[in-house]
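The next block is run00.csv, given as CSV, N, CA and C atoms.
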chain,number,residue,atom,x,y,z
A,1,GLN,N,-6.3,15.2,13.2
A,1,GLN,CA,-5.2,14.4,12.8
A,1,GLN,C,-5.7,13.0,12.4
A,2,VAL,N,-4.9,12.4,11.5
A,2,VAL,CA,-5.2,11.0,11.1
A,2,VAL,C,-4.0,10.1,11.4
A,3,GLN,N,-4.3,9.0,11.9
A,3,GLN,CA,-3.3,8.0,12.2
A,3,GLN,C,-3.5,6.8,11.3
A,4,LEU,N,-2.4,6.3,10.8
A,4,LEU,CA,-2.4,5.1,9.9
A,4,LEU,C,-1.6,4.0,10.5
A,5,VAL,N,-2.2,2.8,10.6
A,5,VAL,CA,-1.5,1.6,11.2
A,5,VAL,C,-1.5,0.6,10.1
A,6,GLU,N,-0.3,0.2,9.7
A,6,GLU,CA,0.0,-0.8,8.7
A,6,GLU,C,0.3,-2.1,9.3
A,7,SER,N,-0.1,-3.2,8.6
A,7,SER,CA,0.3,-4.5,9.1
A,7,SER,C,0.3,-5.5,7.9
A,8,GLY,N,0.9,-6.6,8.1
A,8,GLY,CA,0.9,-7.7,7.1
A,8,GLY,C,2.3,-7.9,6.4
A,9,GLY,N,3.3,-7.1,6.7
A,9,GLY,CA,4.6,-7.3,6.1
A,9,GLY,C,5.3,-8.5,6.6
A,10,GLY,N,6.4,-8.9,6.0
A,10,GLY,CA,7.1,-10.0,6.5
A,10,GLY,C,8.0,-10.6,5.5
A,11,LEU,N,8.5,-11.8,5.8
A,11,LEU,CA,9.4,-12.6,4.9
A,11,LEU,C,8.6,-13.7,4.2
A,12,VAL,N,8.8,-13.7,2.9
A,12,VAL,CA,8.2,-14.7,2.1
A,12,VAL,C,9.1,-15.2,1.0
A,13,GLN,N,8.9,-16.4,0.5
A,13,GLN,CA,9.7,-16.9,-0.6
A,13,GLN,C,9.2,-16.4,-1.9
A,14,ALA,N,10.0,-16.4,-2.9
A,14,ALA,CA,9.6,-16.0,-4.2
A,14,ALA,C,8.5,-16.8,-4.7
A,15,GLY,N,7.5,-16.2,-5.3
A,15,GLY,CA,6.3,-16.9,-5.8
A,15,GLY,C,5.2,-16.9,-4.7
A,16,GLY,N,5.5,-16.5,-3.5
A,16,GLY,CA,4.5,-16.5,-2.5
A,16,GLY,C,3.6,-15.3,-2.5
A,17,SER,N,2.8,-15.2,-1.4
A,17,SER,CA,1.8,-14.1,-1.3
A,17,SER,C,1.9,-13.4,0.0
A,18,LEU,N,1.5,-12.2,0.1
A,18,LEU,CA,1.3,-11.4,1.3
A,18,LEU,C,0.1,-10.5,1.1
A,19,ARG,N,-0.5,-10.1,2.2
A,19,ARG,CA,-1.6,-9.1,2.2
A,19,ARG,C,-1.3,-8.0,3.2
A,20,LEU,N,-1.2,-6.8,2.7
A,20,LEU,CA,-0.9,-5.7,3.6
A,20,LEU,C,-2.3,-5.0,3.9
A,21,SER,N,-2.3,-4.5,5.1
A,21,SER,CA,-3.5,-3.7,5.5
A,21,SER,C,-3.1,-2.4,6.1
A,22,CYS,N,-3.9,-1.4,5.9
A,22,CYS,CA,-3.6,-0.1,6.5
A,22,CYS,C,-5.0,0.5,7.0
A,23,ALA,N,-5.1,0.7,8.3
A,23,ALA,CA,-6.3,1.2,8.9
A,23,ALA,C,-6.1,2.7,9.3
A,24,ALA,N,-7.0,3.5,8.9
A,24,ALA,CA,-7.0,4.9,9.2
A,24,ALA,C,-7.9,5.2,10.4
A,25,SER,N,-7.5,6.1,11.3
A,25,SER,CA,-8.3,6.5,12.4
A,25,SER,C,-8.0,7.9,12.7
A,26,GLY,N,-8.9,8.5,13.6
A,26,GLY,CA,-8.7,9.9,13.9
A,26,GLY,C,-9.9,10.8,13.3
A,27,THR,N,-9.5,12.0,13.0
A,27,THR,CA,-10.5,12.9,12.5
A,27,THR,C,-10.6,12.7,11.0
A,28,ILE,N,-11.6,11.8,10.6
A,28,ILE,CA,-11.8,11.5,9.2
A,28,ILE,C,-13.2,11.9,8.8
A,29,PHE,N,-13.3,12.8,7.9
A,29,PHE,CA,-14.6,13.2,7.4
A,29,PHE,C,-14.8,12.6,6.0
A,30,SER,N,-13.8,12.6,5.2
A,30,SER,CA,-13.9,12.0,3.9
A,30,SER,C,-12.6,11.6,3.4
A,31,ILE,N,-12.5,10.3,3.2
A,31,ILE,CA,-11.3,9.7,2.6
A,31,ILE,C,-11.4,9.7,1.1
A,32,ASN,N,-10.4,10.3,0.5
A,32,ASN,CA,-10.4,10.3,-1.0
A,32,ASN,C,-9.6,9.1,-1.5
A,33,ALA,N,-8.4,9.4,-2.0
A,33,ALA,CA,-7.6,8.3,-2.6
A,33,ALA,C,-6.9,7.6,-1.4
A,34,MET,N,-6.6,6.3,-1.6
A,34,MET,CA,-5.8,5.5,-0.7
A,34,MET,C,-4.9,4.7,-1.6
A,35,GLY,N,-3.7,4.5,-1.1
A,35,GLY,CA,-2.7,3.8,-1.9
A,35,GLY,C,-1.5,3.3,-1.2
A,36,TRP,N,-0.6,2.7,-1.9
A,36,TRP,CA,0.6,2.1,-1.4
A,36,TRP,C,1.8,2.5,-2.3
A,37,SER,N,2.9,2.8,-1.6
A,37,SER,CA,4.1,3.1,-2.3
A,37,SER,C,5.2,2.2,-1.7
A,38,ARG,N,6.3,2.1,-2.3
A,38,ARG,CA,7.4,1.4,-1.7
A,38,ARG,C,8.7,2.0,-1.9
A,39,GLN,N,9.7,1.7,-1.1
A,39,GLN,CA,11.0,2.3,-1.2
A,39,GLN,C,12.1,1.4,-0.8
A,40,VAL,N,13.2,1.4,-1.5
A,40,VAL,CA,14.4,0.6,-1.1
A,40,VAL,C,15.5,1.6,-0.9
A,41,PRO,N,16.4,1.3,-0.1
A,41,PRO,CA,17.5,2.2,0.3
A,41,PRO,C,18.2,2.7,-1.0
A,42,GLY,N,18.4,4.0,-1.1
A,42,GLY,CA,19.1,4.6,-2.2
A,42,GLY,C,18.3,4.9,-3.4
A,43,LYS,N,17.0,4.6,-3.3
A,43,LYS,CA,16.1,4.8,-4.4
A,43,LYS,C,14.9,5.7,-4.0
A,44,GLN,N,14.3,6.3,-5.0
A,44,GLN,CA,13.1,7.1,-4.7
A,44,GLN,C,11.9,6.2,-4.4
A,45,ARG,N,11.0,6.7,-3.6
A,45,ARG,CA,9.8,6.0,-3.3
A,45,ARG,C,9.0,5.9,-4.6
A,46,GLU,N,8.4,4.8,-4.9
A,46,GLU,CA,7.7,4.6,-6.1
A,46,GLU,C,6.2,4.2,-5.8
A,47,LEU,N,5.3,4.6,-6.7
A,47,LEU,CA,3.9,4.2,-6.5
A,47,LEU,C,3.7,2.7,-6.9
A,48,VAL,N,3.0,2.0,-6.0
A,48,VAL,CA,2.7,0.6,-6.2
A,48,VAL,C,1.2,0.6,-6.7
A,49,ALA,N,0.3,1.2,-6.0
A,49,ALA,CA,-1.1,1.1,-6.4
A,49,ALA,C,-1.9,2.2,-5.7
A,50,ILE,N,-3.0,2.6,-6.3
A,50,ILE,CA,-3.8,3.6,-5.8
A,50,ILE,C,-5.3,3.3,-6.1
A,51,ILE,N,-6.2,3.6,-5.2
A,51,ILE,CA,-7.6,3.4,-5.4
A,51,ILE,C,-8.3,4.7,-4.9
A,52,THR,N,-9.2,5.2,-5.8
A,52,THR,CA,-9.9,6.4,-5.5
A,52,THR,C,-11.2,6.1,-4.7
A,53,SER,N,-11.9,7.2,-4.4
A,53,SER,CA,-13.1,7.0,-3.6
A,53,SER,C,-14.2,6.3,-4.4
A,54,ASP,N,-14.1,6.4,-5.7
A,54,ASP,CA,-15.2,5.7,-6.5
A,54,ASP,C,-14.7,4.3,-6.9
A,55,GLY,N,-13.6,3.8,-6.4
A,55,GLY,CA,-13.1,2.5,-6.7
A,55,GLY,C,-12.2,2.3,-7.9
A,56,SER,N,-11.9,3.4,-8.6
A,56,SER,CA,-10.9,3.3,-9.7
A,56,SER,C,-9.5,3.0,-9.2
A,57,THR,N,-8.8,2.2,-9.9
A,57,THR,CA,-7.5,1.7,-9.5
A,57,THR,C,-6.4,2.0,-10.5
A,58,ASN,N,-5.2,2.2,-10.1
A,58,ASN,CA,-4.1,2.4,-10.9
A,58,ASN,C,-2.9,1.7,-10.3
A,59,TYR,N,-2.1,1.0,-11.1
A,59,TYR,CA,-1.0,0.2,-10.6
A,59,TYR,C,0.4,0.6,-11.3
A,60,GLY,N,1.4,0.5,-10.6
A,60,GLY,CA,2.7,0.6,-11.2
A,60,GLY,C,3.0,-0.5,-12.2
A,61,ASP,N,3.7,-0.2,-13.2
A,61,ASP,CA,3.9,-1.2,-14.3
A,61,ASP,C,4.5,-2.5,-13.7
A,62,SER,N,5.4,-2.4,-12.8
A,62,SER,CA,6.1,-3.6,-12.3
A,62,SER,C,5.2,-4.6,-11.5
A,63,VAL,N,4.0,-4.1,-11.1
A,63,VAL,CA,3.1,-5.0,-10.2
A,63,VAL,C,1.8,-5.3,-10.9
A,64,LYS,N,1.6,-4.8,-12.1
A,64,LYS,CA,0.3,-5.1,-12.8
A,64,LYS,C,0.2,-6.5,-13.0
A,65,GLY,N,-1.1,-7.0,-12.7
A,65,GLY,CA,-1.4,-8.4,-12.9
A,65,GLY,C,-0.9,-9.3,-11.7
A,66,ARG,N,-0.2,-8.8,-10.7
A,66,ARG,CA,0.2,-9.5,-9.6
A,66,ARG,C,-0.3,-9.0,-8.3
A,67,PHE,N,-0.5,-7.7,-8.2
A,67,PHE,CA,-1.0,-7.0,-7.0
A,67,PHE,C,-2.4,-6.5,-7.2
A,68,THR,N,-3.2,-6.5,-6.1
A,68,THR,CA,-4.5,-6.0,-6.2
A,68,THR,C,-4.8,-5.1,-5.0
A,69,ILE,N,-5.2,-3.9,-5.3
A,69,ILE,CA,-5.6,-3.0,-4.2
A,69,ILE,C,-7.1,-3.0,-4.0
A,70,SER,N,-7.5,-2.9,-2.7
A,70,SER,CA,-8.9,-2.8,-2.4
A,70,SER,C,-9.1,-1.9,-1.2
A,71,ARG,N,-10.3,-1.5,-0.9
A,71,ARG,CA,-10.6,-0.7,0.3
A,71,ARG,C,-11.9,-1.1,0.9
A,72,ASP,N,-12.0,-0.9,2.2
A,72,ASP,CA,-13.3,-1.1,2.9
A,72,ASP,C,-13.6,0.2,3.6
A,73,ASN,N,-14.5,1.0,3.0
A,73,ASN,CA,-14.8,2.3,3.4
A,73,ASN,C,-15.4,2.3,4.9
A,74,ALA,N,-16.1,1.3,5.2
A,74,ALA,CA,-16.7,1.2,6.5
A,74,ALA,C,-15.7,1.1,7.6
A,75,LYS,N,-14.5,0.5,7.2
A,75,LYS,CA,-13.5,0.3,8.2
A,75,LYS,C,-12.3,1.3,8.0
A,76,SER,N,-12.5,2.2,7.0
A,76,SER,CA,-11.4,3.1,6.7
A,76,SER,C,-10.1,2.4,6.5
A,77,THR,N,-10.1,1.3,5.7
A,77,THR,CA,-9.0,0.4,5.6
A,77,THR,C,-8.7,0.2,4.1
A,78,VAL,N,-7.4,0.2,3.8
A,78,VAL,CA,-7.0,-0.2,2.4
A,78,VAL,C,-6.1,-1.4,2.5
A,79,TYR,N,-6.3,-2.3,1.5
A,79,TYR,CA,-5.5,-3.5,1.5
A,79,TYR,C,-4.7,-3.6,0.2
A,80,LEU,N,-3.6,-4.4,0.3
A,80,LEU,CA,-2.8,-4.7,-0.9
A,80,LEU,C,-2.5,-6.2,-0.9
A,81,GLN,N,-3.2,-6.9,-1.8
A,81,GLN,CA,-2.9,-8.3,-2.0
A,81,GLN,C,-1.8,-8.5,-3.0
A,82,MET,N,-0.7,-9.1,-2.5
A,82,MET,CA,0.5,-9.3,-3.4
A,82,MET,C,0.7,-10.7,-3.7
A,83,ASN,N,0.6,-11.1,-4.9
A,83,ASN,CA,0.8,-12.5,-5.3
A,83,ASN,C,2.0,-12.6,-6.2
A,84,SER,N,2.5,-13.8,-6.4
A,84,SER,CA,3.6,-14.0,-7.3
A,84,SER,C,4.8,-13.1,-7.0
A,85,LEU,N,5.1,-13.0,-5.7
A,85,LEU,CA,6.1,-12.1,-5.3
A,85,LEU,C,7.5,-12.4,-5.8
A,86,ARG,N,8.3,-11.4,-6.1
A,86,ARG,CA,9.6,-11.6,-6.6
A,86,ARG,C,10.6,-10.9,-5.7
A,87,PRO,N,11.9,-11.3,-5.7
A,87,PRO,CA,12.9,-10.7,-4.9
A,87,PRO,C,12.9,-9.2,-5.1
A,88,GLU,N,12.7,-8.7,-6.3
A,88,GLU,CA,12.7,-7.3,-6.5
A,88,GLU,C,11.6,-6.5,-5.9
A,89,ASP,N,10.6,-7.2,-5.4
A,89,ASP,CA,9.5,-6.6,-4.6
A,89,ASP,C,9.9,-6.2,-3.2
A,90,THR,N,11.1,-6.7,-2.8
A,90,THR,CA,11.6,-6.4,-1.5
A,90,THR,C,11.7,-4.9,-1.3
A,91,ALA,N,11.1,-4.3,-0.2
A,91,ALA,CA,11.1,-2.9,0.0
A,91,ALA,C,10.3,-2.6,1.3
A,92,VAL,N,10.4,-1.4,1.8
A,92,VAL,CA,9.5,-0.9,2.8
A,92,VAL,C,8.2,-0.4,2.1
A,93,TYR,N,7.1,-0.9,2.5
A,93,TYR,CA,5.8,-0.5,1.8
A,93,TYR,C,5.1,0.6,2.7
A,94,TYR,N,4.7,1.7,2.1
A,94,TYR,CA,4.1,2.7,2.9
A,94,TYR,C,2.6,2.9,2.4
A,95,CYS,N,1.8,3.1,3.3
A,95,CYS,CA,0.4,3.4,3.0
A,95,CYS,C,0.2,4.9,2.9
A,96,ARG,N,-0.6,5.4,2.0
A,96,ARG,CA,-0.9,6.8,1.9
A,96,ARG,C,-2.4,7.0,1.8
A,97,VAL,N,-2.9,8.0,2.5
A,97,VAL,CA,-4.3,8.2,2.5
A,97,VAL,C,-4.5,9.7,2.4
A,98,VAL,N,-5.4,10.1,1.5
A,98,VAL,CA,-5.8,11.5,1.3
A,98,VAL,C,-7.1,11.7,2.0
A,99,VAL,N,-7.1,12.6,3.0
A,99,VAL,CA,-8.4,13.0,3.7
A,99,VAL,C,-8.6,14.5,3.4
A,100,GLY,N,-9.7,14.8,2.7
A,100,GLY,CA,-9.9,16.1,2.3
A,100,GLY,C,-8.8,16.5,1.3
A,101,VAL,N,-8.0,17.5,1.6
A,101,VAL,CA,-6.9,17.9,0.8
A,101,VAL,C,-5.5,17.6,1.4
A,102,SER,N,-5.6,16.9,2.5
A,102,SER,CA,-4.3,16.5,3.2
A,102,SER,C,-4.0,15.1,3.0
A,103,ALA,N,-2.7,14.8,2.8
A,103,ALA,CA,-2.2,13.4,2.6
A,103,ALA,C,-1.4,13.0,3.9
A,104,TYR,N,-1.6,11.7,4.2
A,104,TYR,CA,-0.9,11.2,5.4
A,104,TYR,C,-0.3,9.9,5.0
A,105,TRP,N,0.9,9.6,5.6
A,105,TRP,CA,1.7,8.4,5.4
A,105,TRP,C,1.7,7.5,6.6
A,106,GLY,N,1.7,6.2,6.3
A,106,GLY,CA,1.9,5.3,7.4
A,106,GLY,C,3.4,5.2,7.8
A,107,GLN,N,3.7,4.4,8.8
A,107,GLN,CA,5.1,4.3,9.3
A,107,GLN,C,5.9,3.3,8.4
A,108,GLY,N,5.3,2.6,7.6
A,108,GLY,CA,6.0,1.6,6.7
A,108,GLY,C,6.0,0.2,7.3
A,109,THR,N,6.0,-0.8,6.4
A,109,THR,CA,6.1,-2.2,6.8
A,109,THR,C,7.0,-2.8,5.8
A,110,GLN,N,8.0,-3.6,6.4
A,110,GLN,CA,9.0,-4.3,5.6
A,110,GLN,C,8.4,-5.5,4.9
A,111,VAL,N,8.7,-5.6,3.6
A,111,VAL,CA,8.4,-6.8,2.8
A,111,VAL,C,9.7,-7.4,2.3
A,112,THR,N,10.0,-8.6,2.6
A,112,THR,CA,11.3,-9.2,2.1
A,112,THR,C,10.9,-10.5,1.4
A,113,VAL,N,11.4,-10.6,0.1
A,113,VAL,CA,11.1,-11.7,-0.7
A,113,VAL,C,12.4,-12.4,-1.0
A,114,SER,N,12.5,-13.7,-0.5
A,114,SER,CA,13.8,-14.4,-0.7
A,114,SER,C,13.7,-15.2,-2.0
A,115,SER,N,14.9,-15.4,-2.6
A,115,SER,CA,14.9,-16.2,-3.9
A,115,SER,C,15.1,-17.7,-3.6
Would you mind giving the structure from this file in structure tokens?
Amino acid sequence: QVQLVESGGGLVQAGGSLRLSCAASGTIFSINAMGWSRQVPGKQRELVAIITSDGSTNYGDSVKGRFTISRDNAKSTVYLQMNSLRPEDTAVYYCRVVVGVSAYWGQGTQVTVSS
């Protein structure tokens, strides 16, 4: 089993920054892709960013140029640096990690951006 612990969410004013972290632990042989998605009530979960094992990244259109995803393989941790935050970025952010052929989700961390 793999456990994911997220941290770094909170309340920030528009234009501000936050950094999310997600640390994986447990039975980890090989972490493939790591990423972040977000969800607001009544809407589908949407991809925010993903980073593969070779460091390739992909971002949702709404966050390109503002968010940066990175990973520390030695710590089995993925980060999401969020800059120039907007009220529409308010959501619960979920970490997702693919280990082997299995995907695991974190418990979610709330990000609230005030105008």
Return as JSON lines the residues of range 44-86 of chain A lying at most 7 Å from range 11-24 of chain A, together with the closest atom-to-atom pair for each and the distance in Å to one decimal, counting all atoms listed in the file, with rows in chain order and ascending residue number.
{"residue": "A:Lys75", "atom": "C", "partner": "A:Ala24", "partner_atom": "N", "distance": 5.8}
{"residue": "A:Ser76", "atom": "C", "partner": "A:Ala24", "partner_atom": "N", "distance": 4.1}
{"residue": "A:Thr77", "atom": "CA", "partner": "A:Cys22", "partner_atom": "C", "distance": 4.2}
{"residue": "A:Val78", "atom": "N", "partner": "A:Cys22", "partner_atom": "C", "distance": 4.0}
{"residue": "A:Tyr79", "atom": "CA", "partner": "A:Leu20", "partner_atom": "C", "distance": 4.3}
{"residue": "A:Leu80", "atom": "N", "partner": "A:Leu20", "partner_atom": "C", "distance": 3.9}
{"residue": "A:Gln81", "atom": "CA", "partner": "A:Arg19", "partner_atom": "CA", "distance": 4.5}
{"residue": "A:Met82", "atom": "N", "partner": "A:Leu18", "partner_atom": "C", "distance": 3.9}
{"residue": "A:Asn83", "atom": "CA", "partner": "A:Ser17", "partner_atom": "CA", "distance": 4.4}
{"residue": "A:Ser84", "atom": "CA", "partner": "A:Gly15", "partner_atom": "C", "distance": 4.2}
{"residue": "A:Leu85", "atom": "C", "partner": "A:Gly15", "partner_atom": "N", "distance": 3.8}
{"residue": "A:Arg86", "atom": "N", "partner": "A:Gly15", "partner_atom": "N", "distance": 4.9}
Would you mind writing down, as a compact mmCIF listing (two decimals) with N, CA and C atoms, in the coordinates of the input, each residue of range 22-102 of chain A that DSSP on the backbone assigns to strand (DSSP E or B)?
# COMPACT_ATOMS: atom_id res chain seq x y z
N CYS A 22 -3.90 -1.40 5.90
CA CYS A 22 -3.60 -0.10 6.50
C CYS A 22 -5.00 0.50 7.00
N ALA A 23 -5.10 0.70 8.30
CA ALA A 23 -6.30 1.20 8.90
C ALA A 23 -6.10 2.70 9.30
N ALA A 24 -7.00 3.50 8.90
CA ALA A 24 -7.00 4.90 9.20
C ALA A 24 -7.90 5.20 10.40
N SER A 25 -7.50 6.10 11.30
CA SER A 25 -8.30 6.50 12.40
C SER A 25 -8.00 7.90 12.70
N GLY A 26 -8.90 8.50 13.60
CA GLY A 26 -8.70 9.90 13.90
C GLY A 26 -9.90 10.80 13.30
N ILE A 31 -12.50 10.30 3.20
CA ILE A 31 -11.30 9.70 2.60
C ILE A 31 -11.40 9.70 1.10
N ASN A 32 -10.40 10.30 0.50
CA ASN A 32 -10.40 10.30 -1.00
C ASN A 32 -9.60 9.10 -1.50
N ALA A 33 -8.40 9.40 -2.00
CA ALA A 33 -7.60 8.30 -2.60
C ALA A 33 -6.90 7.60 -1.40
N MET A 34 -6.60 6.30 -1.60
CA MET A 34 -5.80 5.50 -0.70
C MET A 34 -4.90 4.70 -1.60
N GLY A 35 -3.70 4.50 -1.10
CA GLY A 35 -2.70 3.80 -1.90
C GLY A 35 -1.50 3.30 -1.20
N TRP A 36 -0.60 2.70 -1.90
CA TRP A 36 0.60 2.10 -1.40
C TRP A 36 1.80 2.50 -2.30
N SER A 37 2.90 2.80 -1.60
CA SER A 37 4.10 3.10 -2.30
C SER A 37 5.20 2.20 -1.70
N ARG A 38 6.30 2.10 -2.30
CA ARG A 38 7.40 1.40 -1.70
C ARG A 38 8.70 2.00 -1.90
N GLN A 39 9.70 1.70 -1.10
CA GLN A 39 11.00 2.30 -1.20
C GLN A 39 12.10 1.40 -0.80
N GLU A 46 8.40 4.80 -4.90
CA GLU A 46 7.70 4.60 -6.10
C GLU A 46 6.20 4.20 -5.80
N LEU A 47 5.30 4.60 -6.70
CA LEU A 47 3.90 4.20 -6.50
C LEU A 47 3.70 2.70 -6.90
N VAL A 48 3.00 2.00 -6.00
CA VAL A 48 2.70 0.60 -6.20
C VAL A 48 1.20 0.60 -6.70
N ALA A 49 0.30 1.20 -6.00
CA ALA A 49 -1.10 1.10 -6.40
C ALA A 49 -1.90 2.20 -5.70
N ILE A 50 -3.00 2.60 -6.30
CA ILE A 50 -3.80 3.60 -5.80
C ILE A 50 -5.30 3.30 -6.10
N ILE A 51 -6.20 3.60 -5.20
CA ILE A 51 -7.60 3.40 -5.40
C ILE A 51 -8.30 4.70 -4.90
N THR A 57 -8.80 2.20 -9.90
CA THR A 57 -7.50 1.70 -9.50
C THR A 57 -6.40 2.00 -10.50
N ASN A 58 -5.20 2.20 -10.10
CA ASN A 58 -4.10 2.40 -10.90
C ASN A 58 -2.90 1.70 -10.30
N TYR A 59 -2.10 1.00 -11.10
CA TYR A 59 -1.00 0.20 -10.60
C TYR A 59 0.40 0.60 -11.30
N PHE A 67 -0.50 -7.70 -8.20
CA PHE A 67 -1.00 -7.00 -7.00
C PHE A 67 -2.40 -6.50 -7.20
N THR A 68 -3.20 -6.50 -6.10
CA THR A 68 -4.50 -6.00 -6.20
C THR A 68 -4.80 -5.10 -5.00
N ILE A 69 -5.20 -3.90 -5.30
CA ILE A 69 -5.60 -3.00 -4.20
C ILE A 69 -7.10 -3.00 -4.00
N SER A 70 -7.50 -2.90 -2.70
CA SER A 70 -8.90 -2.80 -2.40
C SER A 70 -9.10 -1.90 -1.20
N ARG A 71 -10.30 -1.50 -0.90
CA ARG A 71 -10.60 -0.70 0.30
C ARG A 71 -11.90 -1.10 0.90
N ASP A 72 -12.00 -0.90 2.20
CA ASP A 72 -13.30 -1.10 2.90
C ASP A 72 -13.60 0.20 3.60
N THR A 77 -10.10 1.30 5.70
CA THR A 77 -9.00 0.40 5.60
C THR A 77 -8.70 0.20 4.10
N VAL A 78 -7.40 0.20 3.80
CA VAL A 78 -7.00 -0.20 2.40
C VAL A 78 -6.10 -1.40 2.50
N TYR A 79 -6.30 -2.30 1.50
CA TYR A 79 -5.50 -3.50 1.50
C TYR A 79 -4.70 -3.60 0.20
N LEU A 80 -3.60 -4.40 0.30
CA LEU A 80 -2.80 -4.70 -0.90
C LEU A 80 -2.50 -6.20 -0.90
N GLN A 81 -3.20 -6.90 -1.80
CA GLN A 81 -2.90 -8.30 -2.00
C GLN A 81 -1.80 -8.50 -3.00
N MET A 82 -0.70 -9.10 -2.50
CA MET A 82 0.50 -9.30 -3.40
C MET A 82 0.70 -10.70 -3.70
N ALA A 91 11.10 -4.30 -0.20
CA ALA A 91 11.10 -2.90 0.00
C ALA A 91 10.30 -2.60 1.30
N VAL A 92 10.40 -1.40 1.80
CA VAL A 92 9.50 -0.90 2.80
C VAL A 92 8.20 -0.40 2.10
N TYR A 93 7.10 -0.90 2.50
CA TYR A 93 5.80 -0.50 1.80
C TYR A 93 5.10 0.60 2.70
N TYR A 94 4.70 1.70 2.10
CA TYR A 94 4.10 2.70 2.90
C TYR A 94 2.60 2.90 2.40
N CYS A 95 1.80 3.10 3.30
CA CYS A 95 0.40 3.40 3.00
C CYS A 95 0.20 4.90 2.90
N ARG A 96 -0.60 5.40 2.00
CA ARG A 96 -0.90 6.80 1.90
C ARG A 96 -2.40 7.00 1.80
N VAL A 97 -2.90 8.00 2.50
CA VAL A 97 -4.30 8.20 2.50
C VAL A 97 -4.50 9.70 2.40
N VAL A 98 -5.40 10.10 1.50
CA VAL A 98 -5.80 11.50 1.30
C VAL A 98 -7.10 11.70 2.00
N VAL A 99 -7.10 12.60 3.00
CA VAL A 99 -8.40 13.00 3.70
C VAL A 99 -8.60 14.50 3.40
N SER A 102 -5.60 16.90 2.50
CA SER A 102 -4.30 16.50 3.20
C SER A 102 -4.00 15.10 3.00
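One finds CA of Gly60 in chain A at 28.8 Å from CA of Gln1 in chain A.
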Find the spatial neighbours of Thr109 in chain A, counting only C-alpha atoms, within a cut-off of 6 Å - ignore same-chain residues fewer than 4 positions away - and output them as a PyMOL selection string. chain A and resi 9+92-93
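The environment of range 96-107 of chain A within 5 Å, counting all atoms listed in the file and disregarding residues fewer than 3 places along the same chain, consists of A:Leu4, A:Ser30, A:Ile31, A:Asn32, A:Ala33, A:Met34, A:Gly35, A:Trp36.
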From the block I gave, I'd like range 24-39 of chain A written with N, CA and C atoms, as a PDB file, in the first residue's frame.
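And here is the file that came out, part.pdb:
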ATOM      1  N   ALA A  24       4.936  10.623  -0.572  1.00  0.00           N
ATOM      2  CA  ALA A  24       4.473   9.236  -0.671  1.00  0.00           C
ATOM      3  C   ALA A  24       5.301   8.353   0.243  1.00  0.00           C
ATOM      4  N   SER A  25       4.633   7.391   0.869  1.00  0.00           N
ATOM      5  CA  SER A  25       5.339   6.426   1.714  1.00  0.00           C
ATOM      6  C   SER A  25       4.647   5.075   1.594  1.00  0.00           C
ATOM      7  N   GLY A  26       5.337   4.046   2.086  1.00  0.00           N
ATOM      8  CA  GLY A  26       4.766   2.709   2.021  1.00  0.00           C
ATOM      9  C   GLY A  26       5.560   1.819   1.084  1.00  0.00           C
ATOM     10  N   THR A  27       4.868   0.930   0.422  1.00  0.00           N
ATOM     11  CA  THR A  27       5.512  -0.028  -0.479  1.00  0.00           C
ATOM     12  C   THR A  27       5.689   0.625  -1.840  1.00  0.00           C
ATOM     13  N   ILE A  28       6.857   1.239  -2.015  1.00  0.00           N
ATOM     14  CA  ILE A  28       7.121   1.976  -3.243  1.00  0.00           C
ATOM     15  C   ILE A  28       8.325   1.374  -3.930  1.00  0.00           C
ATOM     16  N   PHE A  29       8.106   0.789  -5.080  1.00  0.00           N
ATOM     17  CA  PHE A  29       9.211   0.247  -5.861  1.00  0.00           C
ATOM     18  C   PHE A  29       9.618   1.201  -6.966  1.00  0.00           C
ATOM     19  N   SER A  30       8.613   1.736  -7.617  1.00  0.00           N
ATOM     20  CA  SER A  30       8.904   2.627  -8.732  1.00  0.00           C
ATOM     21  C   SER A  30       7.743   3.594  -8.903  1.00  0.00           C
ATOM     22  N   ILE A  31       8.038   4.862  -8.679  1.00  0.00           N
ATOM     23  CA  ILE A  31       7.013   5.883  -8.883  1.00  0.00           C
ATOM     24  C   ILE A  31       7.096   6.368 -10.320  1.00  0.00           C
ATOM     25  N   ASN A  32       6.001   6.281 -11.013  1.00  0.00           N
ATOM     26  CA  ASN A  32       5.958   6.764 -12.382  1.00  0.00           C
ATOM     27  C   ASN A  32       5.497   8.219 -12.377  1.00  0.00           C
ATOM     28  N   ALA A  33       4.321   8.489 -12.867  1.00  0.00           N
ATOM     29  CA  ALA A  33       3.848   9.867 -12.918  1.00  0.00           C
ATOM     30  C   ALA A  33       3.367  10.328 -11.539  1.00  0.00           C
ATOM     31  N   MET A  34       3.545  11.619 -11.305  1.00  0.00           N
ATOM     32  CA  MET A  34       3.030  12.274 -10.103  1.00  0.00           C
ATOM     33  C   MET A  34       2.313  13.535 -10.571  1.00  0.00           C
ATOM     34  N   GLY A  35       1.253  13.893  -9.892  1.00  0.00           N
ATOM     35  CA  GLY A  35       0.532  15.060 -10.362  1.00  0.00           C
ATOM     36  C   GLY A  35      -0.467  15.602  -9.378  1.00  0.00           C
ATOM     37  N   TRP A  36      -1.115  16.660  -9.809  1.00  0.00           N
ATOM     38  CA  TRP A  36      -2.122  17.345  -8.996  1.00  0.00           C
ATOM     39  C   TRP A  36      -3.375  17.572  -9.833  1.00  0.00           C
ATOM     40  N   SER A  37      -4.501  17.378  -9.199  1.00  0.00           N
ATOM     41  CA  SER A  37      -5.792  17.717  -9.781  1.00  0.00           C
ATOM     42  C   SER A  37      -6.541  18.560  -8.767  1.00  0.00           C
ATOM     43  N   ARG A  38      -7.608  19.188  -9.189  1.00  0.00           N
ATOM     44  CA  ARG A  38      -8.404  19.984  -8.257  1.00  0.00           C
ATOM     45  C   ARG A  38      -9.887  19.823  -8.556  1.00  0.00           C
ATOM     46  N   GLN A  39     -10.668  20.115  -7.553  1.00  0.00           N
ATOM     47  CA  GLN A  39     -12.112  19.944  -7.700  1.00  0.00           C
ATOM     48  C   GLN A  39     -12.852  20.967  -6.859  1.00  0.00           C
TER      49      GLN A  39
END
